Amino acid sequence: MMSGLSRLQRYYLYYTGCFLLFIATLAVLEQQGMPPRWVGYALLFFTISMYAVIGVVSRTSDVSEYYVAGRRVPAFFNGMATGADWMSAASFMGLAGTLYLSGFQGLAYVIGWTGGFVLVALLLAPYLRRFGQYTIPDFFAARYGGTPIRLVAVGAAILASFVYVVAQIYGVGVITSRFVSLQFEIGVFVGLAGILVCSFLGGMRAVTWTQVAQYLILIVAYVTPVAILSYNVTGNPVPQLVYGDVLQQVTRLETRLFDMPAELEARRLYRERADLYAQKIMQLPHSLTQERDQLSVRINELKASDAQMRDIVALERQRRELPLDPEQARVRWENAMFTAVDRSQRPIHHAEAFPGDDPEKQRIQQINFLALIFCLTIGTAALPHVLIRYYTTPTVREARESVLWSLIFILALYITAPAYAVFAKLEVLSHLAEIPIAKLPGWVAAWTKVGLVNIEDINGDGILQLAELSMNPDVIVLATPEIAGMPYVVSGLVAAGGLAAALSTADGLLLTITSALSHDVYYRIFRPNASTQFRLVISKSLLLVVAVLAATVAAQKPGTILSMVAWAFSIAGSAFFPALVLGIFWARATRAGALAGMLTGMLLSIYYILRVEFDSIPWLGISGFRMEPWFHVQSTSAGLFGIVAGFATIVVVSLITRPDPQAVDFLKRIRYRNGGGHA
Amino acid sequence: MPESGAHWRKTRRLTVGLLLVWLFVTFGLGCFAIELNAFVFAGFPLGFYMGAQGVLVIYLAIIWYYNRRMRQLDAEYHLEDE
């Protein structure tokens, strides 16, 4: 059987075997009494040193090896590496949670993130491979000519990739701090080390081979817990096949639970709380002073009587923690109000498409579902760190095959995520809802302690209503091992998988940013006659600088980082996709058209995001510019307008400018002449 | 190169055809999900099933078919790969 495999496949088979053996050993050791914390350390140390070994073995000082892995990556492995490159901490931890929270609506992510690969296969990958250079800006410069378009492409690539890489390093910090109890900031720099061992010495070559290793770990880690859970619940270890029945069970439970009197009561209390906050916000600043005075009066009353010291201290703390000024009070109370409003809503049925009380609301849901699919699809097909992976295959044909492999490997995770959500929902509906709070399963208390699960007995009946429970999306994947009653080593495995997802994506992004800077800006624009050795020195130093910069930003815990990642899709999609596709399929597209289209698309997306999402930019001194969304489209789908505008601008401007004479030759080369890629 | 011209025309026709399939599957689901959910498939409401698995498998089929046709076209027009 082994003889049918290539040498590389055998290596990775041994590697996977080693890893599974290591997990089994840890499981035995844990049973013998090894403390969970050590299990966590061992897994962290083992996986990162594996990546380090691969990274060091793949070190290189050859330009083609450094930027495109020597174009020697077979389709199968390029597919696997693309899978790891593509699936980030957000896919690994966030997707199942999003599906849990939004049910059918969340499927937009599953569809959008996979549908994009059809566009990559049909419209981009083969042509980029035949073009055969190093970066995406290279393509724009060759097709349309000129430095300005290269610079615009570099700018868009860095803008889209940098927030994304910060989010990955942030994810590493979260995982390490939660599972091996490192301090968050230290965790971030452990992550930084993990990223650098993969990419610093060997560039794309090392990143490719570590990504393959990381894919194997992340997929084992993702599928194992839910397979065991599925076996426990249904007796069948293939969750993807059987969760239809579980979904029906969930629907029955939902119908029974949603309108129970206690649920209605809890939701009513939250609505009242929301109204109270709304009133308090209306009456600012008066309401704040009033609240402080009331507390002072009560404290004095208590002090005068012989009340317990503990009660007085508690009230004094409450007074100390009141907002300092009306501005802070408004922000805090608005948040509290929105939380209360959220909890006062009737929950949605998991499988119901476009839930809403009236046709108007349903239509808004449907518009946003379609718009989100559109943006995620096109964003996927335009993210530079994914596209450059298709430069690395030996032939055009293998580039095409490798898109198929990429999608197969990505599907393994995306088909599992909805099952995670449904199994978690079954657990919540059958073992949490309407259960006395003192008798909740152990995992709830454990995750409440770290703040990812929040329980509040608003109606004081000692029983948990659905409205009284709120969960952070990440908890679905993280807590599944405990829900299924598995030993700590499985939780550790999940952490190692999340780490692999974050590190592999971070490496791909980091390489994209540094090649944009070192190859496109430094070599192509400033020093076209720099020696190859010096180019690599520049590239490696920049990699270090960008990585440290990203880790520093991540260590600040920027609050909006996760939504910023969603915006990266809109920005990349509107900047790159129209100019790439028209550049390949429409000979008449001109330099002026592409330049105008890229700028218009990108700026329109950014404009829309800013005006829908924010009301002021303090450091620019602008405020009060929030606008109503166009056609109810949320800011995460800003690309809808940017992409359409991008296409329209390129067509119009191209038609009124003179055709590029060299475009026809270039297109002949990437459409049917082979052997264009000389490294 | 008239030969290559024919190759390109066929490639383009294939690409446009498959893109239409892709467009129909992706956005058709978004438009008719409520109606599809009335049917049950393997325990799932059909609309939910299509979004969670069905559409994804069709995507795989589209890419697989494209690769196969392109291999045939390349052989037909003697476009050797590097």
# chains A, B, ... in the order shown; residues from 1 in each chain; ligands from 1
>>> interface_residues(of="chain B", to="chain A", cutoff="8 Å", atoms="only C-alpha atoms", output="ChimeraX atom specification")
/B:4,7-8,15,19,22,26-27,30-31,33-34,37,42-45,47-48,51-53,55-56,59-60,62-64,66-67,71,79-82
>>> residues_around(residues="segment 282-299 of chain A", least_positions_apart="6", cutoff="7 Å", atoms="only C-alpha atoms", output="ChimeraX atom specification")
/A:312,315,319,326
>>> atom_distance(atom1="atom CA of Leu29 of chain A", atom2="atom CA of Ile54 of chain A")
26.9 Å
>>> residues_around(residues="Tyr607 of chain A", least_positions_apart="2", cutoff="12 Å", atoms="only C-alpha atoms", output="mmCIF file with C-alpha atoms, in the first residue's frame")
data_model
loop_
_atom_site.group_PDB
_atom_site.id
_atom_site.type_symbol
_atom_site.label_atom_id
_atom_site.label_comp_id
_atom_site.auth_asym_id
_atom_site.auth_seq_id
_atom_site.Cartn_x
_atom_site.Cartn_y
_atom_site.Cartn_z
ATOM 1 C CA TRP A 567 -14.100 44.184 6.318
ATOM 2 C CA SER A 570 -14.841 43.706 1.205
ATOM 3 C CA ILE A 571 -11.685 45.741 0.766
ATOM 4 C CA LEU A 599 -9.393 53.091 -6.314
ATOM 5 C CA THR A 600 -13.129 53.710 -6.707
ATOM 6 C CA GLY A 601 -14.067 50.233 -5.501
ATOM 7 C CA MET A 602 -11.742 50.219 -2.531
ATOM 8 C CA LEU A 603 -12.540 53.767 -1.432
ATOM 9 C CA LEU A 604 -16.294 53.228 -1.780
ATOM 10 C CA SER A 605 -16.098 50.126 0.424
ATOM 11 C CA ILE A 609 -17.895 50.864 6.314
ATOM 12 C CA LEU A 610 -16.878 54.086 8.032
ATOM 13 C CA ARG A 611 -20.199 55.845 7.629
ATOM 14 C CA VAL A 612 -22.386 52.882 8.583
ATOM 15 C CA GLU A 613 -20.257 51.612 11.428
ATOM 16 C CA PHE A 614 -18.853 54.734 13.076
ATOM 17 C CA PHE A 625 -21.462 61.397 10.077
ATOM 18 C CA ARG A 626 -23.261 58.135 10.678
ATOM 19 C CA MET A 627 -25.693 57.346 7.865
ATOM 20 C CA PRO A 629 -27.339 51.806 5.373
ATOM 21 C CA SER A 635 -21.224 47.079 6.810
ATOM 22 C CA ALA A 638 -19.779 46.854 2.064
ATOM 23 C CA GLY A 639 -17.983 45.163 -0.811
ATOM 24 C CA PHE A 641 -21.201 48.354 -3.611
ATOM 25 C CA GLY A 642 -17.426 48.532 -3.970
#
>>> atom_distance(atom1="atom CA of Tyr420 of chain A", atom2="atom CA of Glu30 of chain A")
25.8 Å
>>> closest_residue(among="A:Ser49, A:Asn454, A:Ser61, A:Ser344", to="Met471 of chain A", atoms="only C-alpha atoms")
A:Asn454
>>> residues_around(residues="segment 436-446 of chain A", least_positions_apart="2", cutoff="7 Å", atoms="only C-alpha atoms", output="list in words")
Leu432, Glu434, Thr448, Lys449, Val453, Gly462, Ile463, Leu464, Glu482 and Ile483 of chain A
>>> residues_around(residues="Phe140 of chain A", least_positions_apart="6", cutoff="8 Å", atoms="only C-alpha atoms", output="list in words")
Ile149, Arg150, Ala153 and Leu580 of chain A
>>> write_last_selection(atoms="all heavy atoms", output="PDB file, in the first residue's frame")
ATOM      1  N   ILE A 149      -0.075  51.642 -10.579  1.00  0.00           N
ATOM      2  CA  ILE A 149      -1.012  50.550 -10.316  1.00  0.00           C
ATOM      3  C   ILE A 149      -0.372  49.512  -9.406  1.00  0.00           C
ATOM      4  O   ILE A 149      -1.038  48.898  -8.567  1.00  0.00           O
ATOM      5  CB  ILE A 149      -1.507  49.916 -11.638  1.00  0.00           C
ATOM      6  CG1 ILE A 149      -2.775  49.112 -11.350  1.00  0.00           C
ATOM      7  CG2 ILE A 149      -0.465  49.020 -12.280  1.00  0.00           C
ATOM      8  CD1 ILE A 149      -3.691  49.011 -12.497  1.00  0.00           C
ATOM      9  N   ARG A 150       0.951  49.347  -9.526  1.00  0.00           N
ATOM     10  CA  ARG A 150       1.635  48.434  -8.609  1.00  0.00           C
ATOM     11  C   ARG A 150       1.515  48.945  -7.184  1.00  0.00           C
ATOM     12  O   ARG A 150       1.221  48.187  -6.260  1.00  0.00           O
ATOM     13  CB  ARG A 150       3.111  48.305  -9.011  1.00  0.00           C
ATOM     14  CG  ARG A 150       3.821  47.175  -8.286  1.00  0.00           C
ATOM     15  CD  ARG A 150       5.308  47.188  -8.535  1.00  0.00           C
ATOM     16  NE  ARG A 150       5.720  46.629  -9.808  1.00  0.00           N
ATOM     17  CZ  ARG A 150       5.933  45.334 -10.037  1.00  0.00           C
ATOM     18  NH1 ARG A 150       5.717  44.466  -9.076  1.00  0.00           N
ATOM     19  NH2 ARG A 150       6.330  44.911 -11.205  1.00  0.00           N
ATOM     20  N   ALA A 153      -1.949  48.419  -5.783  1.00  0.00           N
ATOM     21  CA  ALA A 153      -2.137  47.012  -5.436  1.00  0.00           C
ATOM     22  C   ALA A 153      -1.395  46.664  -4.146  1.00  0.00           C
ATOM     23  O   ALA A 153      -1.919  45.948  -3.283  1.00  0.00           O
ATOM     24  CB  ALA A 153      -1.662  46.120  -6.576  1.00  0.00           C
ATOM     25  N   LEU A 580      -8.629  42.166 -11.740  1.00  0.00           N
ATOM     26  CA  LEU A 580      -8.013  40.880 -12.092  1.00  0.00           C
ATOM     27  C   LEU A 580      -8.811  40.192 -13.190  1.00  0.00           C
ATOM     28  O   LEU A 580      -8.267  39.779 -14.217  1.00  0.00           O
ATOM     29  CB  LEU A 580      -7.980  39.956 -10.865  1.00  0.00           C
ATOM     30  CG  LEU A 580      -6.817  40.051  -9.895  1.00  0.00           C
ATOM     31  CD1 LEU A 580      -7.066  39.140  -8.700  1.00  0.00           C
ATOM     32  CD2 LEU A 580      -5.514  39.674 -10.577  1.00  0.00           C
TER      33      LEU A 580
END
>>> residues_around(residues="segment 542-547 of chain A", least_positions_apart="4", cutoff="9 Å", atoms="only C-alpha atoms", output="list in words")
Phe162, Val165, Leu192, Ile195, Leu196, Ser199, Phe200, Leu510, Leu511, Ile513, Thr514, Ser515, Leu517, Ser518, Val537, Ile538, Ala551 and Thr552 of chain A
>>> write_last_selection(atoms="C-alpha atoms", output="PDB file, in the first residue's frame")
ATOM      1  CA  PHE A 162      -2.347  43.510   8.092  1.00  0.00           C
ATOM      2  CA  VAL A 165      -2.583  39.040  10.599  1.00  0.00           C
ATOM      3  CA  LEU A 192       5.136  35.475  17.274  1.00  0.00           C
ATOM      4  CA  ILE A 195       5.139  32.276  13.293  1.00  0.00           C
ATOM      5  CA  LEU A 196       8.750  33.257  12.812  1.00  0.00           C
ATOM      6  CA  SER A 199       8.634  31.646   7.777  1.00  0.00           C
ATOM      7  CA  PHE A 200      11.806  33.483   8.699  1.00  0.00           C
ATOM      8  CA  LEU A 510       3.011  37.845   6.692  1.00  0.00           C
ATOM      9  CA  LEU A 511       4.721  36.543   3.600  1.00  0.00           C
ATOM     10  CA  ILE A 513       2.933  41.671   3.206  1.00  0.00           C
ATOM     11  CA  THR A 514       6.700  41.292   3.119  1.00  0.00           C
ATOM     12  CA  SER A 515       6.812  40.263  -0.523  1.00  0.00           C
ATOM     13  CA  LEU A 517       7.179  45.494   0.420  1.00  0.00           C
ATOM     14  CA  SER A 518      10.454  43.829  -0.484  1.00  0.00           C
ATOM     15  CA  VAL A 537      18.227  40.025   3.364  1.00  0.00           C
ATOM     16  CA  ILE A 538      15.789  42.928   2.930  1.00  0.00           C
ATOM     17  CA  ALA A 551       2.326  41.347  17.596  1.00  0.00           C
ATOM     18  CA  THR A 552       2.646  44.735  19.259  1.00  0.00           C
TER      19      THR A 552
END
>>> residues_around(residues="Leu46 of chain B", least_positions_apart="3", cutoff="6 Å", atoms="only C-alpha atoms", output="ChimeraX atom specification")
/B:36-37,39-41,49
>>> write_last_selection(atoms="C-alpha atoms", output="PDB file, in the first residue's frame")
ATOM      1  CA  LEU B  36     -36.948  24.520  -0.148  1.00  0.00           C
ATOM      2  CA  ASN B  37     -37.198  24.190   3.622  1.00  0.00           C
ATOM      3  CA  PHE B  39     -39.075  19.514   1.902  1.00  0.00           C
ATOM      4  CA  VAL B  40     -37.161  17.112   4.102  1.00  0.00           C
ATOM      5  CA  PHE B  41     -33.988  15.357   2.977  1.00  0.00           C
ATOM      6  CA  TYR B  49     -29.196  20.935   3.885  1.00  0.00           C
TER       7      TYR B  49
END
>>> atom_distance(atom1="atom CA of Gly173 of chain A", atom2="atom CA of Tyr215 of chain A")
19.7 Å
>>> select_by_dssp(residues="chain B", states="helix (DSSP H, G or I)", output="NGL selection string")
:B and (2-36 or 46-76)
>>> write_last_selection(atoms="C-alpha atoms", output="PDB file, in the first residue's frame")
ATOM      1  CA  PRO B   2      -5.844  30.110 -35.200  1.00  0.00           C
ATOM      2  CA  GLU B   3      -5.614  26.820 -33.300  1.00  0.00           C
ATOM      3  CA  SER B   4      -5.189  28.636 -30.012  1.00  0.00           C
ATOM      4  CA  GLY B   5      -8.039  30.947 -30.913  1.00  0.00           C
ATOM      5  CA  ALA B   6     -10.394  27.979 -31.025  1.00  0.00           C
ATOM      6  CA  HIS B   7      -8.969  26.688 -27.752  1.00  0.00           C
ATOM      7  CA  TRP B   8      -9.631  30.023 -26.106  1.00  0.00           C
ATOM      8  CA  ARG B   9     -13.175  30.255 -27.476  1.00  0.00           C
ATOM      9  CA  LYS B  10     -13.980  26.823 -26.084  1.00  0.00           C
ATOM     10  CA  THR B  11     -12.376  27.647 -22.760  1.00  0.00           C
ATOM     11  CA  ARG B  12     -14.409  30.815 -22.564  1.00  0.00           C
ATOM     12  CA  ARG B  13     -17.655  29.046 -23.394  1.00  0.00           C
ATOM     13  CA  LEU B  14     -16.957  26.387 -20.739  1.00  0.00           C
ATOM     14  CA  THR B  15     -16.099  29.050 -18.162  1.00  0.00           C
ATOM     15  CA  VAL B  16     -19.243  31.078 -18.816  1.00  0.00           C
ATOM     16  CA  GLY B  17     -21.438  27.968 -18.731  1.00  0.00           C
ATOM     17  CA  LEU B  18     -20.053  26.746 -15.423  1.00  0.00           C
ATOM     18  CA  LEU B  19     -20.237  30.244 -13.964  1.00  0.00           C
ATOM     19  CA  LEU B  20     -23.942  30.330 -14.779  1.00  0.00           C
ATOM     20  CA  VAL B  21     -24.422  27.009 -12.990  1.00  0.00           C
ATOM     21  CA  TRP B  22     -22.499  28.417 -10.031  1.00  0.00           C
ATOM     22  CA  LEU B  23     -24.564  31.601 -10.030  1.00  0.00           C
ATOM     23  CA  PHE B  24     -27.832  29.701 -10.227  1.00  0.00           C
ATOM     24  CA  VAL B  25     -26.924  27.300  -7.422  1.00  0.00           C
ATOM     25  CA  THR B  26     -25.530  29.943  -5.085  1.00  0.00           C
ATOM     26  CA  PHE B  27     -28.091  32.678  -5.426  1.00  0.00           C
ATOM     27  CA  GLY B  28     -30.984  30.372  -6.294  1.00  0.00           C
ATOM     28  CA  LEU B  29     -30.624  28.870  -2.832  1.00  0.00           C
ATOM     29  CA  GLY B  30     -30.651  32.323  -1.293  1.00  0.00           C
ATOM     30  CA  CYS B  31     -33.816  33.228  -3.159  1.00  0.00           C
ATOM     31  CA  PHE B  32     -35.827  30.053  -2.576  1.00  0.00           C
ATOM     32  CA  ALA B  33     -34.569  28.846   0.817  1.00  0.00           C
ATOM     33  CA  ILE B  34     -37.959  29.241   2.510  1.00  0.00           C
ATOM     34  CA  GLU B  35     -39.692  27.187  -0.187  1.00  0.00           C
ATOM     35  CA  LEU B  36     -36.948  24.520  -0.148  1.00  0.00           C
ATOM     36  CA  LEU B  46     -33.856  20.809   2.291  1.00  0.00           C
ATOM     37  CA  GLY B  47     -32.935  24.518   2.254  1.00  0.00           C
ATOM     38  CA  PHE B  48     -30.731  24.092   5.312  1.00  0.00           C
ATOM     39  CA  TYR B  49     -29.196  20.935   3.885  1.00  0.00           C
ATOM     40  CA  MET B  50     -28.325  22.620   0.596  1.00  0.00           C
ATOM     41  CA  GLY B  51     -26.604  25.478   2.414  1.00  0.00           C
ATOM     42  CA  ALA B  52     -24.719  23.199   4.787  1.00  0.00           C
ATOM     43  CA  GLN B  53     -23.680  20.451   2.344  1.00  0.00           C
ATOM     44  CA  GLY B  54     -25.493  20.246  -0.997  1.00  0.00           C
ATOM     45  CA  VAL B  55     -24.241  23.438  -2.575  1.00  0.00           C
ATOM     46  CA  LEU B  56     -20.690  22.683  -1.449  1.00  0.00           C
ATOM     47  CA  VAL B  57     -20.718  19.330  -3.199  1.00  0.00           C
ATOM     48  CA  ILE B  58     -22.007  20.986  -6.373  1.00  0.00           C
ATOM     49  CA  TYR B  59     -19.071  23.416  -6.145  1.00  0.00           C
ATOM     50  CA  LEU B  60     -16.692  20.464  -6.046  1.00  0.00           C
ATOM     51  CA  ALA B  61     -18.434  18.956  -9.069  1.00  0.00           C
ATOM     52  CA  ILE B  62     -18.133  22.215 -11.024  1.00  0.00           C
ATOM     53  CA  ILE B  63     -14.392  22.438 -10.439  1.00  0.00           C
ATOM     54  CA  TRP B  64     -13.899  18.737 -11.142  1.00  0.00           C
ATOM     55  CA  TYR B  65     -15.757  19.003 -14.460  1.00  0.00           C
ATOM     56  CA  TYR B  66     -13.847  22.134 -15.450  1.00  0.00           C
ATOM     57  CA  ASN B  67     -10.509  20.444 -14.792  1.00  0.00           C
ATOM     58  CA  ARG B  68     -11.533  17.396 -16.788  1.00  0.00           C
ATOM     59  CA  ARG B  69     -12.736  19.410 -19.795  1.00  0.00           C
ATOM     60  CA  MET B  70      -9.637  21.601 -19.725  1.00  0.00           C
ATOM     61  CA  ARG B  71      -7.382  18.546 -19.708  1.00  0.00           C
ATOM     62  CA  GLN B  72      -9.218  17.265 -22.778  1.00  0.00           C
ATOM     63  CA  LEU B  73      -9.039  20.660 -24.511  1.00  0.00           C
ATOM     64  CA  ASP B  74      -5.318  20.992 -23.803  1.00  0.00           C
ATOM     65  CA  ALA B  75      -4.709  17.541 -25.279  1.00  0.00           C
ATOM     66  CA  GLU B  76      -6.908  18.260 -28.296  1.00  0.00           C
TER      67      GLU B  76
END
